[in-house]
Amino acid sequence: MSKSILTRKENFTIYDRTIDKEISFRPVTLTEDLQRIHQWMNCPHVIPFWKLNFSLEKMHAHLTKAIADPHQTLYIGSLNGVPMSYWESYWAMDDIIANYYPAEKFDQGIHLLIGDTQFLGQGLALPLLRAMTMFQFQTPETQKIMTEPDARNQKMIHIFKKCGFEFQKEIDLPDKTGALMKCDRTKFEKLWDQNIFSPANFD
């Protein structure tokens, strides 16, 4: 598959009535986000699952390569304009995950973390994940979203299940044992009442 034919909308903003907050995503830039992501990746709650607790110099090199990778887009997630989470949205066909299930051309995948510790323990992971999943489904051809959280991270697996993802199987990835999970468009759209959101805004 030619990666160049796949495009995605670059910005997404939505108001979630369940938390009375605006959720937004924008692409990562080194100028704005290097220091922020470096700090987040060195937080104790992030290190065991991401293993990217690099020096600032090494993080610069890592992000430079990741931003240039056409199979994924890195995002900063914000609540009411305050940056607080990091996301990777990727095309599954061009990712290692495609080795573990019958990937289709427009399948997308997702990685995430809440970096700012002041936002932990507030029940925000589900609304954030729900918003990103909705963002990914703005690509009309995408019928399923995949993910593979660390199999030890039962809290995150539970959040994915609440969002509409279904566990498929455990998979041995180079850096972890992952819990392969799938979210079908039809299930997602039936699960979530659209009245909890205000209309999405796109740039």
# chains A, B, ... in the order shown; residues from 1 in each chain; ligands from 1
call {"tool": "residues_around", "arguments": {"residues": "range 184-196 of chain A", "least_positions_apart": "5", "cutoff": "9 Å", "atoms": "only C-alpha atoms", "output": "compact mmCIF listing (two decimals) with N, CA, C and O atoms, in the first residue's frame"}}
result
# COMPACT_ATOMS: atom_id res chain seq x y z
N TYR A 15 -16.70 19.22 22.16
CA TYR A 15 -17.13 19.49 23.53
C TYR A 15 -17.86 18.26 24.06
O TYR A 15 -18.81 17.78 23.45
N ASP A 16 -17.40 17.75 25.20
CA ASP A 16 -17.99 16.56 25.81
C ASP A 16 -18.82 16.99 27.01
O ASP A 16 -18.29 17.46 28.02
N ARG A 17 -20.12 16.81 26.91
CA ARG A 17 -21.02 17.25 27.97
C ARG A 17 -20.88 16.42 29.25
O ARG A 17 -21.25 16.87 30.33
N THR A 18 -20.37 15.20 29.13
CA THR A 18 -20.25 14.35 30.33
C THR A 18 -19.21 14.88 31.31
O THR A 18 -19.28 14.58 32.50
N ARG A 130 -12.47 8.25 23.93
CA ARG A 130 -13.68 8.30 23.11
C ARG A 130 -13.57 9.41 22.05
O ARG A 130 -13.94 9.22 20.90
N THR A 133 -11.05 8.29 19.36
CA THR A 133 -11.65 7.27 18.52
C THR A 133 -12.64 7.90 17.54
O THR A 133 -12.67 7.55 16.35
N MET A 134 -13.42 8.85 18.02
CA MET A 134 -14.33 9.56 17.13
C MET A 134 -13.55 10.31 16.05
O MET A 134 -13.94 10.35 14.88
N PHE A 137 -12.47 7.92 13.41
CA PHE A 137 -13.59 7.49 12.58
C PHE A 137 -14.10 8.60 11.66
O PHE A 137 -15.01 8.36 10.86
N THR A 142 -12.46 4.16 7.32
CA THR A 142 -12.00 3.41 8.49
C THR A 142 -13.18 2.73 9.17
O THR A 142 -14.11 3.39 9.61
N GLN A 143 -13.10 1.42 9.26
CA GLN A 143 -14.17 0.63 9.88
C GLN A 143 -13.76 0.05 11.23
O GLN A 143 -14.62 -0.42 11.98
N LYS A 144 -12.48 0.06 11.53
CA LYS A 144 -12.06 -0.43 12.85
C LYS A 144 -10.78 0.26 13.30
O LYS A 144 -9.93 0.64 12.49
N ILE A 145 -10.70 0.38 14.61
CA ILE A 145 -9.53 0.95 15.28
C ILE A 145 -8.90 -0.15 16.12
O ILE A 145 -9.60 -0.88 16.83
N MET A 146 -7.59 -0.27 16.04
CA MET A 146 -6.87 -1.30 16.77
C MET A 146 -6.01 -0.67 17.87
O MET A 146 -5.62 0.50 17.78
N CYS A 163 -14.78 1.90 26.24
CA CYS A 163 -14.93 2.75 25.06
C CYS A 163 -15.54 1.98 23.88
O CYS A 163 -16.06 2.60 22.95
N GLY A 164 -15.48 0.66 23.93
CA GLY A 164 -16.03 -0.15 22.84
C GLY A 164 -15.05 -1.08 22.19
O GLY A 164 -15.38 -1.77 21.22
N PHE A 165 -13.82 -1.13 22.70
CA PHE A 165 -12.81 -2.04 22.18
C PHE A 165 -13.02 -3.43 22.77
O PHE A 165 -13.37 -3.57 23.95
N GLU A 166 -12.77 -4.45 21.97
CA GLU A 166 -12.92 -5.83 22.40
C GLU A 166 -11.57 -6.53 22.36
O GLU A 166 -10.84 -6.44 21.37
call {"tool": "residues_around", "arguments": {"residues": "Asp150 in chain A", "least_positions_apart": "5", "cutoff": "7 Å", "atoms": "only C-alpha atoms", "output": "number ranges by chain"}}
result
A: 49, 176-179
call {"tool": "write_last_selection", "arguments": {"atoms": "C-alpha atoms", "output": "PDB file, in the first residue's frame"}}
result
ATOM      1  CA  PHE A  49       4.744   1.137  29.871  1.00  0.00           C
ATOM      2  CA  LYS A 176       6.129  -5.990  25.422  1.00  0.00           C
ATOM      3  CA  THR A 177       3.346  -8.530  25.568  1.00  0.00           C
ATOM      4  CA  GLY A 178       0.407  -6.623  24.161  1.00  0.00           C
ATOM      5  CA  ALA A 179      -3.335  -7.076  24.521  1.00  0.00           C
TER       6      ALA A 179
END
call {"tool": "atom_distance", "arguments": {"atom1": "CA of Arg152 in chain A", "atom2": "CA of Leu124 in chain A"}}
result
20.4 Å
call {"tool": "atom_distance", "arguments": {"atom1": "CA of Gln72 in chain A", "atom2": "CA of Ser89 in chain A"}}
result
5.5 Å
call {"tool": "residues_around", "arguments": {"residues": "range 21-38 of chain A", "least_positions_apart": "6", "cutoff": "6 Å", "atoms": "only C-alpha atoms", "output": "number ranges by chain"}}
result
A: 11-15, 74-80
call {"tool": "atom_distance", "arguments": {"atom1": "CA of Asp95 in chain A", "atom2": "CA of Leu112 in chain A"}}
result
16.0 Å
call {"tool": "closest_residue", "arguments": {"among": "A:Leu120, A:Val46, A:Ala92, A:Ala125", "to": "Asp107 in chain A", "atoms": "only C-alpha atoms"}}
result
A:Ala92
call {"tool": "closest_residue", "arguments": {"among": "A:Phe160, A:Tyr90, A:Phe167, A:Phe54", "to": "Gln108 in chain A", "atoms": "only C-alpha atoms"}}
result
A:Tyr90
call {"tool": "closest_residue", "arguments": {"among": "A:Asp116, A:Glu10, A:Leu126, A:Pro174", "to": "Asn42 in chain A", "atoms": "only C-alpha atoms"}}
result
A:Asp116
call {"tool": "closest_residue", "arguments": {"among": "A:Trp91, A:Gln122, A:Lys65, A:Gly81", "to": "Ala103 in chain A", "atoms": "only C-alpha atoms"}}
result
A:Trp91
call {"tool": "select_by_dssp", "arguments": {"residues": "range 60-116 of chain A", "states": "alpha helix (DSSP H)", "output": "NGL selection string"}}
result
:A and (60-68)
call {"tool": "write_last_selection", "arguments": {"atoms": "N, CA and C atoms", "output": "mmCIF file, in the first residue's frame"}}
result
data_model
loop_
_atom_site.group_PDB
_atom_site.id
_atom_site.type_symbol
_atom_site.label_atom_id
_atom_site.label_comp_id
_atom_site.auth_asym_id
_atom_site.auth_seq_id
_atom_site.Cartn_x
_atom_site.Cartn_y
_atom_site.Cartn_z
ATOM 1 N N HIS A 60 14.794 14.262 21.456
ATOM 2 C CA HIS A 60 14.738 15.084 20.249
ATOM 3 C C HIS A 60 14.908 14.213 19.010
ATOM 4 N N ALA A 61 15.877 13.331 19.040
ATOM 5 C CA ALA A 61 16.119 12.444 17.899
ATOM 6 C C ALA A 61 14.935 11.496 17.687
ATOM 7 N N HIS A 62 14.402 10.975 18.782
ATOM 8 C CA HIS A 62 13.260 10.047 18.693
ATOM 9 C C HIS A 62 12.043 10.734 18.078
ATOM 10 N N LEU A 63 11.714 11.920 18.561
ATOM 11 C CA LEU A 63 10.542 12.622 18.060
ATOM 12 C C LEU A 63 10.731 13.089 16.625
ATOM 13 N N THR A 64 11.953 13.496 16.288
ATOM 14 C CA THR A 64 12.229 13.908 14.911
ATOM 15 C C THR A 64 11.929 12.768 13.942
ATOM 16 N N LYS A 65 12.379 11.582 14.295
ATOM 17 C CA LYS A 65 12.129 10.406 13.464
ATOM 18 C C LYS A 65 10.643 10.055 13.442
ATOM 19 N N ALA A 66 9.993 10.116 14.597
ATOM 20 C CA ALA A 66 8.579 9.738 14.686
ATOM 21 C C ALA A 66 7.690 10.699 13.906
ATOM 22 N N ILE A 67 7.974 11.990 13.977
ATOM 23 C CA ILE A 67 7.180 12.983 13.258
ATOM 24 C C ILE A 67 7.317 12.798 11.750
ATOM 25 N N ALA A 68 8.504 12.388 11.321
ATOM 26 C CA ALA A 68 8.757 12.203 9.885
ATOM 27 C C ALA A 68 8.185 10.893 9.342
#
call {"tool": "select_by_dssp", "arguments": {"residues": "chain A", "states": "strand (DSSP E)", "output": "PyMOL selection string"}}
result
chain A and resi 12-16+21-27+72-79+82-91+108-114+144-147+166-173+176-184+201-202
